[in-house]
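Trainee: Take a look at target17.cif, mmCIF, C-alpha atoms:
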data_run
#
loop_
_atom_site.label_atom_id
_atom_site.label_comp_id
_atom_site.auth_asym_id
_atom_site.auth_seq_id
_atom_site.Cartn_x
_atom_site.Cartn_y
_atom_site.Cartn_z
CA MET A 272 0.00 0.00 0.00
CA SER A 273 1.35 3.41 -0.98
CA ALA A 274 1.72 6.27 1.47
CA ARG A 275 -1.11 8.20 -0.23
CA THR A 276 -3.50 5.35 0.08
CA ALA A 277 -2.69 4.99 3.79
CA ARG A 278 -3.36 8.65 4.43
CA THR A 279 -6.71 8.48 2.66
CA ALA A 280 -7.85 5.49 4.77
CA ARG A 281 -6.77 7.24 7.93
CA THR A 282 -8.64 10.40 6.99
CA ARG A 283 -11.83 8.44 6.36
CA PHE A 284 -11.47 6.61 9.66
CA LEU A 285 -11.06 9.86 11.58
CA ALA A 286 -14.04 11.38 9.78
CA ALA A 287 -16.24 8.38 10.62
CA THR A 288 -15.11 8.53 14.24
CA ALA A 289 -15.99 12.25 14.46
CA ILE A 290 -19.44 11.65 13.00
CA THR A 291 -20.07 8.86 15.50
CA LEU A 292 -18.99 11.05 18.45
CA ALA A 293 -21.20 13.89 17.22
CA ALA A 294 -24.19 11.55 17.04
CA LEU A 295 -23.57 10.28 20.56
CA THR A 296 -23.26 13.82 21.88
CA LEU A 297 -26.55 14.84 20.21
CA THR A 298 -28.29 11.81 21.69
CA ALA A 299 -27.04 12.64 25.20
CA CYS A 300 -28.30 16.22 24.92
CA ASN A 301 -31.76 15.08 23.75
CA ASP A 302 -33.95 13.70 26.70
CA GLY A 303 -36.56 12.21 24.39
CA ASN A 304 -38.92 15.21 24.77
CA GLY A 305 -37.16 17.44 22.26
CA VAL A 306 -34.04 19.55 22.47
CA ARG A 307 -33.61 21.24 25.88
CA GLY A 308 -34.39 24.93 25.79
CA GLU A 309 -32.23 27.70 27.21
CA GLY A 310 -34.86 28.95 29.80
CA PRO A 311 -36.10 27.27 33.03
CA SER A 312 -36.74 23.57 32.59
CA ASP A 313 -40.30 22.34 31.82
CA THR A 314 -39.94 19.80 34.58
CA SER A 315 -39.40 22.49 37.24
CA ALA A 316 -42.38 24.47 36.00
CA SER A 317 -44.71 21.50 36.05
CA SER A 318 -43.67 20.47 39.57
CA ALA A 319 -44.80 23.85 40.94
CA GLN A 320 -48.44 23.05 40.04
CA PRO A 321 -50.45 20.12 41.48
CA SER A 322 -50.91 17.31 39.00
CA GLY A 323 -54.29 16.45 37.56
CA PRO A 324 -57.11 18.68 36.26
CA ALA A 325 -57.35 22.18 37.65
CA THR A 326 -60.06 22.59 40.34
CA ASP A 327 -62.01 25.64 41.39
CA ALA A 328 -60.65 26.94 44.74
CA GLY A 329 -64.16 27.86 45.98
CA SER A 330 -65.66 24.42 45.51
CA THR A 331 -62.57 22.76 47.02
CA ALA A 332 -62.79 24.85 50.21
CA LYS A 333 -66.46 24.10 50.81
CA PRO A 334 -67.67 20.86 49.24
CA ALA A 335 -71.40 20.70 48.71
CA GLY A 336 -73.72 17.92 49.80
CA ASN A 337 -74.96 16.32 53.06
CA GLY A 338 -77.03 19.36 53.96
CA THR A 339 -74.01 21.78 54.08
CA ALA A 340 -74.21 24.99 52.07
CA SER A 341 -71.48 25.45 49.43
CA SER A 342 -70.12 28.54 47.66
CA THR A 343 -70.56 26.81 44.31
CA GLY A 344 -73.52 25.40 42.43
CA GLY A 345 -73.53 22.52 44.96
CA SER A 346 -75.18 24.84 47.52
CA THR A 347 -78.53 24.25 45.88
CA GLY A 348 -78.28 20.54 46.50
CA GLY A 349 -76.94 21.09 50.04
CA SER A 350 -79.70 23.43 51.11
CA GLY A 351 -82.22 21.20 49.42
CA ASN A 352 -81.17 18.24 51.55
CA SER A 353 -81.19 20.31 54.73
CA GLY A 354 -84.56 21.84 53.93
CA GLY A 355 -86.03 18.46 53.16
CA SER A 356 -84.97 17.04 56.52
CA LYS A 357 -86.28 20.07 58.38
CA SER A 358 -89.61 19.92 56.60
CA THR A 359 -89.98 16.23 57.39
CA SER A 360 -89.20 16.65 61.08
CA THR A 361 -91.55 19.60 61.34
CA ALA A 362 -94.33 17.62 59.76
CA ALA A 363 -93.70 14.70 62.08
CA GLY A 364 -93.67 16.98 65.10
CA SER A 365 -96.94 18.63 64.17
CA THR A 366 -98.52 15.24 63.63
CA GLN A 367 -97.50 14.03 67.04
CA GLY A 368 -98.40 17.32 68.67
CA SER A 369 -101.96 17.56 67.39
CA GLY A 370 -102.98 14.28 65.88
CA LYS A 371 -102.87 11.88 68.79
CA LYS A 372 -104.63 12.46 72.07
CA ASN A 373 -105.35 9.27 73.94
CA GLY A 374 -105.29 7.44 70.60
CA THR A 375 -108.62 8.91 69.50
CA GLY A 376 -107.90 12.57 68.79
CA SER A 377 -110.28 13.64 71.57
CA LYS A 378 -109.31 15.46 74.74
CA THR A 379 -108.69 13.34 77.81
CA GLY A 380 -109.90 14.64 81.15
CA SER A 381 -108.11 14.22 84.47
CA THR A 382 -110.04 10.99 85.04
CA GLY A 383 -108.35 9.24 82.09
CA GLN A 384 -111.78 8.81 80.50
CA THR A 385 -111.98 10.26 77.00
CA GLY A 386 -113.90 13.49 76.68
CA THR A 387 -115.03 13.62 80.35
CA ARG A 388 -114.04 15.43 83.51
CA ASN A 389 -114.13 14.19 87.08
CA VAL A 390 -117.33 14.78 88.97
CA ALA A 391 -117.27 16.36 92.43
CA CYS A 392 -117.40 13.98 95.37
CA ASP A 393 -120.57 14.35 97.46
CA GLY A 394 -122.81 12.34 99.75
CA SER A 395 -124.57 10.55 96.87
CA THR A 396 -121.47 8.74 95.55
CA THR A 397 -119.38 8.43 98.73
CA LYS A 398 -119.54 7.02 102.24
CA THR A 399 -118.38 9.27 105.10
CA THR A 400 -117.31 8.09 108.56
CA ALA A 401 -116.20 10.00 111.68
CA THR A 402 -113.76 8.26 114.03
CA ALA A 403 -112.40 9.52 117.35
CA VAL A 404 -108.62 8.97 117.54
CA SER A 405 -106.37 8.77 120.57
CA ARG A 406 -103.57 10.77 118.96
CA PRO A 407 -103.46 13.63 118.44
CA LEU A 408 -105.60 14.43 121.49
CA ASN A 409 -109.15 15.68 120.97
CA HIS A 410 -109.15 14.90 117.26
CA LEU A 411 -111.76 13.39 114.97
CA LEU A 412 -110.84 11.70 111.68
CA LEU A 413 -113.23 12.08 108.74
CA THR A 414 -112.95 9.47 105.99
CA VAL A 415 -114.69 9.78 102.60
CA THR A 416 -114.69 6.67 100.37
CA ASN A 417 -115.73 6.74 96.72
CA THR A 418 -118.56 4.22 96.30
CA GLY A 419 -119.34 5.21 92.69
CA THR A 420 -118.06 3.89 89.37
CA ARG A 421 -116.19 7.03 88.28
CA ASN A 422 -113.35 9.08 89.70
CA CYS A 423 -114.41 12.09 91.76
CA ASP A 424 -112.60 15.17 93.03
CA LEU A 425 -112.70 15.86 96.77
CA THR A 426 -112.14 19.61 96.80
CA GLY A 427 -111.99 22.20 99.56
CA TYR A 428 -112.59 21.15 103.14
CA PRO A 429 -115.45 19.56 105.12
CA ILE A 430 -118.26 21.94 106.03
CA ALA A 431 -118.81 20.47 109.46
CA ARG A 432 -121.95 21.30 111.41
CA PHE A 433 -122.11 19.79 114.91
CA ALA A 434 -125.50 19.39 116.61
CA GLU A 435 -127.53 22.55 116.17
CA ALA A 436 -124.57 24.92 115.72
CA GLN A 437 -125.38 28.05 113.75
CA SER A 438 -121.88 28.31 112.27
CA VAL A 439 -119.23 25.97 110.91
CA PRO A 440 -115.61 25.72 112.13
CA PRO A 441 -112.82 27.49 110.23
CA VAL A 442 -110.17 25.68 108.20
CA ALA A 443 -106.45 25.61 109.00
CA GLU A 444 -105.00 27.29 105.89
CA GLU A 445 -101.58 25.71 106.36
CA THR A 446 -103.10 22.32 105.54
CA HIS A 447 -103.99 23.27 101.94
CA PRO A 448 -102.86 20.38 99.66
CA GLN A 449 -100.63 20.95 96.64
CA ALA A 450 -103.05 19.18 94.28
CA VAL A 451 -106.71 18.32 94.08
CA VAL A 452 -107.56 15.10 95.93
CA THR A 453 -108.95 12.69 93.32
CA LEU A 454 -110.59 9.46 94.43
CA ALA A 455 -110.84 6.47 92.12
CA PRO A 456 -113.66 4.02 92.87
CA GLY A 457 -112.92 2.42 96.24
CA GLU A 458 -110.29 4.99 97.27
CA SER A 459 -110.57 7.25 100.32
CA GLY A 460 -109.75 10.83 101.23
CA TYR A 461 -109.33 12.26 104.73
CA ALA A 462 -109.73 15.36 106.90
CA GLY A 463 -108.92 16.03 110.53
CA VAL A 464 -111.04 17.89 113.07
CA LEU A 465 -109.53 19.54 116.17
CA LEU A 466 -112.47 19.30 118.57
CA SER A 467 -111.13 21.27 121.53
CA ALA A 468 -107.96 22.69 123.01
CA ALA A 469 -105.80 20.01 124.59
CA ASP A 470 -104.63 22.39 127.34
CA GLY A 471 -108.14 23.39 128.33
CA SER A 472 -107.74 26.96 127.06
CA GLY A 473 -110.92 26.76 124.97
CA SER A 474 -114.27 28.17 126.04
CA ASN A 475 -117.97 27.74 125.32
CA GLY A 476 -117.60 23.96 125.34
CA TYR A 477 -120.42 21.47 124.90
CA THR A 478 -121.05 17.88 123.83
CA ALA A 479 -122.34 17.23 120.32
CA LYS A 480 -123.98 13.95 119.31
CA THR A 481 -124.77 14.63 115.66
CA LEU A 482 -122.67 15.80 112.72
CA GLU A 483 -123.44 16.84 109.15
CA ILE A 484 -120.66 17.12 106.56
CA GLY A 485 -121.21 19.33 103.54
CA PHE A 486 -119.14 19.21 100.33
CA ASP A 487 -118.30 21.94 97.83
CA LYS A 488 -121.11 20.65 95.61
CA GLY A 489 -123.91 18.15 95.86
CA ARG A 490 -125.51 16.24 98.66
CA SER A 491 -124.18 16.32 102.23
CA ALA A 492 -123.45 13.33 104.49
CA THR A 493 -124.37 12.53 108.10
CA PRO A 494 -121.71 10.27 109.61
CA ALA A 495 -122.44 8.76 113.03
CA LEU A 496 -120.53 10.05 116.06
CA PRO A 497 -119.53 7.92 119.07
CA ALA A 498 -122.55 7.06 121.23
CA LYS A 499 -121.45 9.38 124.05
CA GLY A 500 -120.90 12.23 121.62
CA VAL A 501 -117.78 14.45 121.28
CA TYR A 502 -116.78 17.46 123.36
CA ILE A 503 -116.08 20.63 121.37
CA ASP A 504 -115.19 24.22 122.25
CA ASP A 505 -114.34 27.42 120.40
CA LYS A 506 -110.98 26.00 119.26
CA LEU A 507 -112.86 23.76 116.84
CA THR A 508 -110.93 23.67 113.49
CA VAL A 509 -110.91 21.44 110.40
CA THR A 510 -108.23 20.64 107.82
CA TYR A 511 -108.52 20.58 104.03
CA TRP A 512 -109.29 17.22 102.44
CA GLN A 513 -106.08 15.20 102.16
CA GLN A 514 -104.99 12.29 99.99
CA ASP A 515 -103.48 10.40 102.97
CA LEU A 516 -104.43 9.85 106.60
CA ASP A 517 -101.18 11.23 108.04
CA GLY A 518 -101.74 14.55 106.33
CA ALA A 519 -105.19 14.81 107.90
CA LEU A 520 -103.91 14.24 111.44
CA ALA A 521 -100.77 16.37 111.17
CA TYR A 522 -102.55 19.51 112.42
#
Could you write out this structure as structure tokens?

Mentor:
Amino acid sequence: MSARTARTARTRFLAATAITLAALTLTACNDGNGVRGEGPSDTSASSAQPSGPATDAGSTAKPAGNGTASSTGGSTGGSGNSGGSKSTSTAAGSTQGSGKKNGTGSKTGSTGQTGTRNVACDGSTTKTTATAVSRPLNHLLLTVTNTGTRNCDLTGYPIARFAEAQSVPPVAEETHPQAVVTLAPGESGYAGVLLSAADGSGSNGYTAKTLEIGFDKGRSATPALPAKGVYIDDKLTVTYWQQDLDGALAY
């Protein structure tokens, strides 16, 4: 091989090598997304923004639904749900408040009997007894038992008239009950009578052998007294009708 031929082969080899190196360099500079620009990288710019579709800041801050108002179009659905629940509960409340009274829609009186009220206790539907007690001293116990078939109200206090007395004894105001005494059939109410002063301080005393008990309304009763009668003086006082015996004898 001549010297000229050797130089030509060497020149071609060097040229091929340079072309190969240039191609490799170009490939290294290209990241597969195009030639890198001279400004800030696209990758840095994209990482500054959250990935995925852009969302409206208002709707993200206050999601609609489940009865909660939203700043976006979802507020219509939210208020609709809330309004629907409120309307339903209001309707249910009004139904319970006005639609059911004792299961019949009619007003129930204090007796528990639909559409009726208790009658007043009097001598026609009750039995009244008068019993002398040993304690407290000089006391008489009045017992009124409901012999009727309906509840009755024993109101006020006994209007007690002993023998031929022209007046009736006063009532001890401190014995006023907190509620009306209601007697179911067979039940009893009570009142106490202070006949005379235990220390003998009373005056105008006499022995009475008959007693009439008047009620607030209706017929009176005439309970029997002990055979020897009862001694009374101007300290004579009665209590209000009571639901229990202890309350009647507490004065």

Trainee: Please measure the separation of atom CA of A:Asn417 and atom CA of A:Pro494, giving the value in Å to one decimal.

Mentor: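 So the two atoms, atom CA of A:Asn417 and atom CA of A:Pro494, lie 14.6 Å apart.
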
Trainee: Write out as a short mmCIF file (atom, residue, chain, number, x, y, z; two decimals) with C-alpha atoms, in the frame of the given file which residues come within 12 Å of A:Thr446 when counting only C-alpha atoms, dropping same-chain ones fewer than 6 positions away.

Mentor:
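See out30.cif below for the written result:
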data_model
loop_
_atom_site.label_atom_id
_atom_site.label_comp_id
_atom_site.auth_asym_id
_atom_site.auth_seq_id
_atom_site.Cartn_x
_atom_site.Cartn_y
_atom_site.Cartn_z
CA GLY A 427 -111.99 22.20 99.56
CA TYR A 428 -112.59 21.15 103.14
CA TYR A 461 -109.33 12.26 104.73
CA ALA A 462 -109.73 15.36 106.90
CA GLY A 463 -108.92 16.03 110.53
CA VAL A 464 -111.04 17.89 113.07
CA THR A 508 -110.93 23.67 113.49
CA VAL A 509 -110.91 21.44 110.40
CA THR A 510 -108.23 20.64 107.82
CA TYR A 511 -108.52 20.58 104.03
CA TRP A 512 -109.29 17.22 102.44
CA GLN A 513 -106.08 15.20 102.16
CA GLN A 514 -104.99 12.29 99.99
CA ASP A 517 -101.18 11.23 108.04
CA GLY A 518 -101.74 14.55 106.33
CA ALA A 519 -105.19 14.81 107.90
CA LEU A 520 -103.91 14.24 111.44
CA ALA A 521 -100.77 16.37 111.17
CA TYR A 522 -102.55 19.51 112.42
#

Trainee: Starting from the point (-117.7, 28.5, 122.7), work out which residues of protein, DNA or RNA have an atom no more than 9 Å away when counting all atoms listed in the file; state them as a PyMOL selection string.

Mentor: chain A and resi 473-477+503-507

Trainee: Can you write out the residues you just picked, keeping C-alpha atoms, as a PDB file, in the coordinates of the input?

Mentor:
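Saved file part_25.pdb follows:
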ATOM      1  CA  GLY A 473    -110.920  26.760 124.970  1.00  0.00           C
ATOM      2  CA  SER A 474    -114.270  28.170 126.040  1.00  0.00           C
ATOM      3  CA  ASN A 475    -117.970  27.740 125.320  1.00  0.00           C
ATOM      4  CA  GLY A 476    -117.600  23.960 125.340  1.00  0.00           C
ATOM      5  CA  TYR A 477    -120.420  21.470 124.900  1.00  0.00           C
ATOM      6  CA  ILE A 503    -116.080  20.630 121.370  1.00  0.00           C
ATOM      7  CA  ASP A 504    -115.190  24.220 122.250  1.00  0.00           C
ATOM      8  CA  ASP A 505    -114.340  27.420 120.400  1.00  0.00           C
ATOM      9  CA  LYS A 506    -110.980  26.000 119.260  1.00  0.00           C
ATOM     10  CA  LEU A 507    -112.860  23.760 116.840  1.00  0.00           C
TER      11      LEU A 507
END

Trainee: For atom CA of A:Gln437 and atom CA of A:Leu425, quote the distance in Å rounded to one decimal.

Mentor: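 Computed distance, atom CA of A:Gln437 to atom CA of A:Leu425, equals 24.4 Å.
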
Trainee: Just checking: using all atoms listed in the file, which residue out of A:Thr426, A:Arg388, A:Leu466, A:Ala431 ends up closest to A:Ala450?

Mentor: A:Thr426

Trainee: When you draw a straight line from atom CA of A:Val501 to atom CA of A:Lys398, how long is it in Å?

Mentor: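 Taking atom CA of A:Val501 and atom CA of A:Lys398, their separation equals 20.5 Å.
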
Trainee: Residues at most 6 Å from stretch 455-457 of chain A, counting only C-alpha atoms, excluding those fewer than 4 positions away in the same chain, as a list in words?

Mentor: Asn417, Thr418, Gly419, Thr420 and Asn422 of chain A

Trainee: Suppose a student applies the PyMOL selection byres ((chain A and resi 492) around 9) to this structure; what residues should they get, written as a list in words?

Mentor: Asp393, Gly394, Ser395, Thr397, Lys398, Thr399, Leu482, Glu483, Ile484, Gly485, Phe486, Arg490, Ser491, Thr493 and Pro494 of chain A
